[in-house]
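Asker: File final08.tsv below, TSV, C-alpha atoms:
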```tsv
chain	number	residue	atom	x	y	z
T	22	MET	CA	0.00	0.00	0.00
T	23	ARG	CA	1.16	3.59	-0.66
T	24	ALA	CA	0.83	4.60	3.00
T	25	PHE	CA	3.26	1.83	4.03
T	26	GLY	CA	5.86	3.06	1.58
T	27	ILE	CA	5.51	6.64	2.73
T	28	PHE	CA	5.94	5.74	6.39
T	29	SER	CA	8.98	3.60	5.56
T	30	ILE	CA	10.51	6.70	3.94
T	31	ILE	CA	9.71	8.80	7.00
T	32	ALA	CA	11.20	6.10	9.21
T	33	ALA	CA	14.37	6.17	7.14
T	34	PHE	CA	14.69	9.93	7.52
T	35	SER	CA	14.12	9.62	11.27
T	36	ALA	CA	16.78	6.93	11.50
T	37	ALA	CA	19.23	9.16	9.67
T	38	LEU	CA	18.79	11.78	12.41
T	39	SER	CA	18.63	9.06	15.09
T	40	VAL	CA	15.03	10.05	15.64
T	41	SER	CA	13.15	7.28	17.41
T	42	ALA	CA	10.23	8.19	19.60
T	43	ALA	CA	8.52	5.29	21.37
T	44	PRO	CA	5.59	3.88	19.38
T	45	VAL	CA	2.09	4.46	20.65
T	46	GLY	CA	0.69	1.32	22.19
T	47	ALA	CA	-2.27	-0.33	20.51
T	48	SER	CA	-3.94	-0.82	23.86
T	49	ASP	CA	-3.82	2.93	24.45
T	50	LEU	CA	-5.34	4.03	21.15
T	51	SER	CA	-6.89	0.82	19.84
T	52	LEU	CA	-4.63	1.27	16.82
T	53	THR	CA	-1.91	-0.85	15.30
T	54	PRO	CA	1.41	0.90	15.99
T	55	VAL	CA	3.59	1.91	13.05
T	56	VAL	CA	6.46	-0.55	12.59
T	57	VAL	CA	9.76	1.03	11.56
T	58	ARG	CA	11.59	-1.01	8.93
T	59	SER	CA	14.89	-0.53	7.11
T	60	VAL	CA	14.44	0.85	3.62
T	61	ASP	CA	16.52	1.94	0.68
T	62	VAL	CA	16.51	5.68	1.29
T	63	ALA	CA	17.44	6.61	-2.26
T	64	ASN	CA	14.67	4.51	-3.76
T	65	GLY	CA	12.25	5.70	-1.11
T	66	PHE	CA	12.77	9.35	-1.88
T	67	ALA	CA	12.49	8.64	-5.60
T	68	ASN	CA	9.13	6.98	-5.01
T	69	LEU	CA	7.93	9.84	-2.82
T	70	ARG	CA	8.93	12.42	-5.41
T	71	GLY	CA	6.95	10.52	-8.01
T	72	ALA	CA	3.87	10.44	-5.77
T	73	ALA	CA	4.11	14.15	-4.98
T	74	GLN	CA	4.65	15.13	-8.60
T	75	HIS	CA	1.44	13.32	-9.39
T	76	GLU	CA	-0.25	15.68	-6.95
T	77	ASP	CA	1.55	18.80	-8.18
T	78	PRO	CA	3.42	18.28	-11.46
T	79	THR	CA	4.41	21.96	-11.66
T	80	VAL	CA	6.98	21.65	-8.87
T	81	GLU	CA	10.47	20.86	-10.12
T	82	SER	CA	13.84	20.44	-8.45
T	83	ARG	CA	16.62	22.61	-9.72
T	84	GLU	CA	20.20	23.60	-8.96
T	85	ILE	CA	20.88	27.02	-7.49
T	86	ALA	CA	22.75	29.16	-10.00
T	87	ALA	CA	26.50	29.09	-9.46
T	88	ASP	CA	26.70	32.87	-9.21
T	89	TYR	CA	23.86	33.08	-6.67
T	90	THR	CA	25.07	34.61	-3.41
T	91	ARG	CA	23.00	33.36	-0.52
T	92	ARG	CA	22.45	35.33	2.66
T	93	THR	CA	24.20	33.79	5.62
T	94	ASP	CA	22.03	35.35	8.30
T	95	ILE	CA	18.99	33.17	7.60
T	96	LYS	CA	18.21	29.47	7.39
T	97	SER	CA	16.00	27.82	4.78
T	98	VAL	CA	12.88	25.84	5.70
T	99	PRO	CA	14.65	22.46	5.27
T	100	GLU	CA	17.56	23.66	7.40
T	101	ILE	CA	15.18	24.89	10.09
T	102	LEU	CA	13.25	21.61	10.06
T	103	ILE	CA	16.40	19.50	10.30
T	104	GLY	CA	17.73	21.63	13.14
T	105	VAL	CA	14.46	21.64	15.07
T	106	THR	CA	14.04	17.89	14.70
T	107	ALA	CA	17.57	17.26	15.95
T	108	GLN	CA	17.05	19.55	18.96
T	109	VAL	CA	13.69	18.00	19.83
T	110	LYS	CA	15.20	14.51	19.49
T	111	VAL	CA	17.77	15.31	22.17
T	112	VAL	CA	14.98	16.28	24.58
T	113	VAL	CA	12.85	13.27	23.59
T	114	ASP	CA	15.75	10.95	24.46
T	115	LYS	CA	15.94	12.52	27.92
T	116	LEU	CA	12.17	12.15	28.38
T	117	ASP	CA	12.32	8.49	27.38
T	118	VAL	CA	14.87	7.89	30.13
T	119	VAL	CA	12.81	9.75	32.73
T	120	LEU	CA	9.57	8.00	31.77
T	121	ALA	CA	11.25	4.59	31.96
T	122	GLY	CA	12.18	5.07	35.60
T	123	GLU	CA	10.67	6.67	38.68
T	124	ILE	CA	8.88	9.63	37.17
T	125	ASP	CA	9.60	13.10	38.51
T	126	VAL	CA	6.82	15.37	37.25
T	127	ASN	CA	8.95	18.48	37.61
T	128	VAL	CA	11.66	16.99	35.41
T	129	VAL	CA	9.09	15.91	32.81
T	130	VAL	CA	7.52	19.36	32.75
T	131	GLY	CA	10.92	21.02	32.44
T	132	LEU	CA	11.80	18.89	29.41
T	133	LEU	CA	8.42	19.51	27.80
T	134	VAL	CA	8.96	23.24	28.23
T	135	GLU	CA	12.26	22.85	26.37
T	136	ILE	CA	10.42	21.34	23.38
T	137	LYS	CA	7.94	24.20	23.43
T	138	GLY	CA	10.78	26.71	23.50
T	139	ILE	CA	12.51	25.10	20.53
T	140	LEU	CA	9.33	25.36	18.46
T	141	ILE	CA	8.61	28.95	19.46
T	142	ALA	CA	12.14	30.04	18.56
T	143	ALA	CA	11.83	28.29	15.19
T	144	VAL	CA	8.73	30.34	14.26
T	145	ALA	CA	10.88	33.47	14.21
T	146	ASP	CA	13.38	31.74	11.92
T	147	VAL	CA	10.61	30.84	9.46
T	148	LYS	CA	9.13	34.36	9.50
T	149	ALA	CA	12.55	35.72	8.52
T	150	LEU	CA	12.02	33.97	5.16
T	151	VAL	CA	8.81	35.83	4.29
T	152	GLY	CA	9.11	37.58	0.94
T	153	LEU	CA	12.18	35.63	-0.18
T	154	GLY	CA	12.24	33.41	-3.27
T	155	LEU	CA	12.04	29.63	-3.31
T	156	ASP	CA	15.73	29.52	-4.22
T	157	VAL	CA	16.30	30.59	-0.62
T	158	VAL	CA	13.23	29.21	1.16
T	159	LEU	CA	13.63	25.61	-0.06
T	160	ALA	CA	17.42	25.49	-0.43
T	161	LEU	CA	19.47	22.66	1.02
T	162	ASP	CA	23.01	21.59	0.15
T	163	GLY	CA	23.14	23.60	-3.05
T	164	LYS	CA	19.77	22.51	-4.38
T	165	VAL	CA	16.19	23.73	-4.22
T	166	LEU	CA	14.12	20.87	-2.85
T	167	LEU	CA	10.81	19.58	-4.08
T	168	VAL	CA	7.80	20.38	-1.92
T	169	ALA	CA	7.52	16.60	-1.45
T	170	ASP	CA	11.02	16.43	0.03
T	171	VAL	CA	10.23	19.23	2.47
T	172	ALA	CA	7.00	17.46	3.43
T	173	VAL	CA	9.00	14.41	4.55
T	174	TYR	CA	10.92	16.57	7.02
T	175	VAL	CA	7.68	18.13	8.28
T	176	VAL	CA	5.97	14.78	8.80
T	177	ALA	CA	8.99	13.33	10.59
T	178	LEU	CA	8.89	16.22	13.08
T	179	ILE	CA	5.15	15.88	13.59
T	180	GLN	CA	5.54	12.15	14.16
T	181	LEU	CA	8.32	12.67	16.71
T	182	ILE	CA	6.41	15.27	18.72
T	183	VAL	CA	3.05	13.51	18.60
T	184	ALA	CA	4.61	10.23	19.77
T	185	ILE	CA	6.34	11.74	22.80
T	186	VAL	CA	3.38	13.89	23.80
T	187	VAL	CA	1.02	10.91	23.65
T	188	LYS	CA	3.52	8.84	25.65
T	189	VAL	CA	3.82	11.53	28.33
T	190	GLN	CA	0.10	12.13	28.76
T	191	ALA	CA	-0.49	8.38	29.05
T	192	VAL	CA	1.69	8.06	32.16
T	193	VAL	CA	1.78	11.57	33.66
T	194	THR	CA	-1.64	12.81	34.72
T	195	ALA	CA	-0.56	15.98	36.52
T	196	ALA	CA	-2.50	18.96	35.21
T	197	VAL	CA	0.66	21.03	34.74
T	198	ALA	CA	2.18	18.37	32.47
T	199	ILE	CA	-1.00	18.07	30.39
T	200	GLN	CA	-1.13	21.84	30.00
T	201	VAL	CA	2.44	21.96	28.69
T	202	CYS	CA	1.56	19.18	26.23
T	203	ILE	CA	-1.24	21.42	24.97
T	204	ASP	CA	1.21	24.33	24.82
T	205	ILE	CA	3.52	22.19	22.67
T	206	SER	CA	0.62	21.49	20.32
T	207	VAL	CA	-0.06	25.23	20.02
T	208	ALA	CA	3.63	25.95	19.39
T	209	LEU	CA	3.83	23.17	16.79
T	210	ALA	CA	0.73	24.54	15.07
T	211	ALA	CA	2.26	28.04	14.96
T	212	PHE	CA	5.48	26.62	13.51
T	213	LEU	CA	3.65	24.58	10.87
T	214	GLY	CA	1.36	27.48	10.03
T	215	ALA	CA	4.33	29.77	9.44
T	216	ILE	CA	5.88	27.22	7.07
T	217	PHE	CA	2.63	26.54	5.20
T	218	ALA	CA	2.19	30.29	4.69
T	219	ILE	CA	5.39	30.58	2.67
T	220	VAL	CA	5.53	27.18	0.92
T	221	GLY	CA	2.55	26.83	-1.39
T	222	GLY	CA	1.11	23.33	-1.73
T	223	LEU	CA	2.99	21.95	1.27
T	224	LEU	CA	-0.06	21.56	3.51
T	225	VAL	CA	-1.83	19.25	1.05
T	226	VAL	CA	1.23	17.02	0.66
T	227	VAL	CA	1.84	16.86	4.43
T	228	VAL	CA	-1.75	15.86	5.15
T	229	THR	CA	-1.55	13.19	2.45
T	230	LEU	CA	1.64	11.74	3.91
T	231	CYS	CA	0.62	11.70	7.57
T	232	ALA	CA	-2.73	9.92	7.31
T	233	GLU	CA	-1.80	7.42	10.04
T	234	ILE	CA	-0.45	10.10	12.36
T	235	ILE	CA	-3.68	12.04	11.90
T	236	VAL	CA	-5.59	9.07	13.34
T	237	VAL	CA	-3.50	9.37	16.52
T	238	ILE	CA	-3.86	13.15	16.61
T	239	LYS	CA	-7.64	12.95	16.33
T	240	ALA	CA	-7.73	10.34	19.10
T	241	HIS	CA	-6.21	13.00	21.37
T	242	VAL	CA	-8.17	16.03	20.25
T	243	ASN	CA	-8.01	17.56	23.73
T	244	ILE	CA	-4.24	17.84	23.32
T	245	PHE	CA	-3.85	18.44	19.59
T	246	ALA	CA	-6.76	20.76	18.80
T	247	ALA	CA	-4.39	23.44	17.52
T	248	VAL	CA	-2.58	21.01	15.23
T	249	ILE	CA	-5.89	19.71	13.91
T	250	ALA	CA	-6.87	23.27	13.09
T	251	VAL	CA	-3.63	24.16	11.26
T	252	LEU	CA	-3.83	20.95	9.23
T	253	ALA	CA	-7.43	21.87	8.31
T	254	LEU	CA	-8.70	18.44	9.34
```
Please render this file's structure as structure tokens.
Answerer:
Amino acid sequence: MRAFGIFSIIAAFSAALSVSAAPVGASDLSLTPVVVRSVDVANGFANLRGAAQHEDPTVESREIAADYTRRTDIKSVPEILIGVTAQVKVVVDKLDVVLAGEIDVNVVVGLLVEIKGILIAAVADVKALVGLGLDVVLALDGKVLLVADVAVYVVALIQLIVAIVVKVQAVVTAAVAIQVCIDISVALAAFLGAIFAIVGGLLVVVVTLCAEIIVVIKAHVNIFAAVIAVLAL
């Protein structure tokens, strides 16, 4: 099925960044958890590009002109997404350790606040790109990425954050922790909204790719209401 292939690609990207949030238990959501498998990353991205081009054939990848001088005081959307995902992953790893032992609510809350702070700071980075061309906005390693490629980075971040938030709220019932989980959802929605505002067509591709994650998000509407709204679900 197409969805399986897409999630294998996302899993491969996550593995490349050492991103591995704990899977959501089936007993918690009455859903079958996503199984991460090894895939051929090159073939996976080729397949994803083909699927996205079917949705929007006008988007093409191209090399940045050799004489193009790029500003060094800003980061592109892919660079921001990669950086944010890496930063969040560090905090997720710490949360996994805390949740596996004797849980200290104050420590959990402190780590959740770190994730919220990372997302809030990233919104400002995205807004700095407003008004700039796609040669800057979608640039990565000397190329301008397809919208489909950027969508993979977006979905990987959503998957990482949703998984850890669901894991936390399943074992930590303190009101302060739940509130910070909601705050993370609001911050994630603001971050996604800022990106969608400057990358046309990205929202549609992201929603298409994260169908299974959306099931989990909707099962926790009290936490992810803001994300549901920004994804126009």
Asker: In the coordinates of the file, take the point (3.9, 18.8, 15.0) and a cut-off of 8 Å; then, counting only C-alpha atoms, name each qualifying protein, DNA or RNA residue as number ranges by chain.
Answerer: T: 175-176, 178-183, 206, 209-210, 213, 248
Asker: Please provide the set of residues having any atom within 9 Å of T:Ile205, restricted to only C-alpha atoms, with same-chain residues fewer than 6 positions apart removed, written as a ChimeraX atom specification.
Answerer: /T:133-134,136-138,140,182,186,244-245
Asker: For the atom pair atom CA of T:Asp114 and atom CA of T:Val129, what is the interatomic distance in Å to one decimal place?
Answerer: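 If I compute the distance from atom CA of T:Asp114 to atom CA of T:Val129, I get 11.8 Å.
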Asker: Using all atoms listed in the file and a cutoff of 12 Å, can you tell me which residues are near (-5.1, 24.1, 13.0) in the file's coordinates, and write them out as a ChimeraX atom specification?
Answerer: /T:206-215,217,224,228,238-239,242,245-254
Asker: How many Å lie between atom CA of T:Gly163 and atom CA of T:Gly104, rounded to one decimal?
Answerer: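 We find that atom CA of T:Gly163 and atom CA of T:Gly104 lie 17.2 Å from each other.
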Asker: When you draw a straight line from atom CA of T:Val128 to atom CA of T:Lys115, how long is it in Å?
Answerer: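 Between atom CA of T:Val128 and atom CA of T:Lys115 the gap works out to 9.7 Å.
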Asker: Could you tell me which of T:Glu135, T:Asp146, T:Glu123, T:Asp117 comes closest to T:Lys96 if we count all atoms listed in the file?
Answerer: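 Closest to T:Lys96, using all atoms listed in the file: T:Asp146.
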Asker: What lies within 10 Å of T:Leu116 using all atoms listed in the file, ignoring chain neighbours under 5 positions off, as a list in words?
Answerer: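 In the requested format, the answer is Ala42, Lys110, Val111, Ala121, Ile124, Val128, Val129, Val130, Gly131, Leu132, Leu133, Ile185, Lys188 and Val189 of chain T.
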Asker: What box, with edges along x, y and z, holds each listed atom of stretch 128-134 of chain T when 6 Å is added on every side, and can you state its centre and edge lengths in Å to one decimal, as JSON?
Answerer:
```
{"center_x": 9.7, "center_y": 19.6, "center_z": 31.6, "size_x": 16.3, "size_y": 19.3, "size_z": 19.6}
```
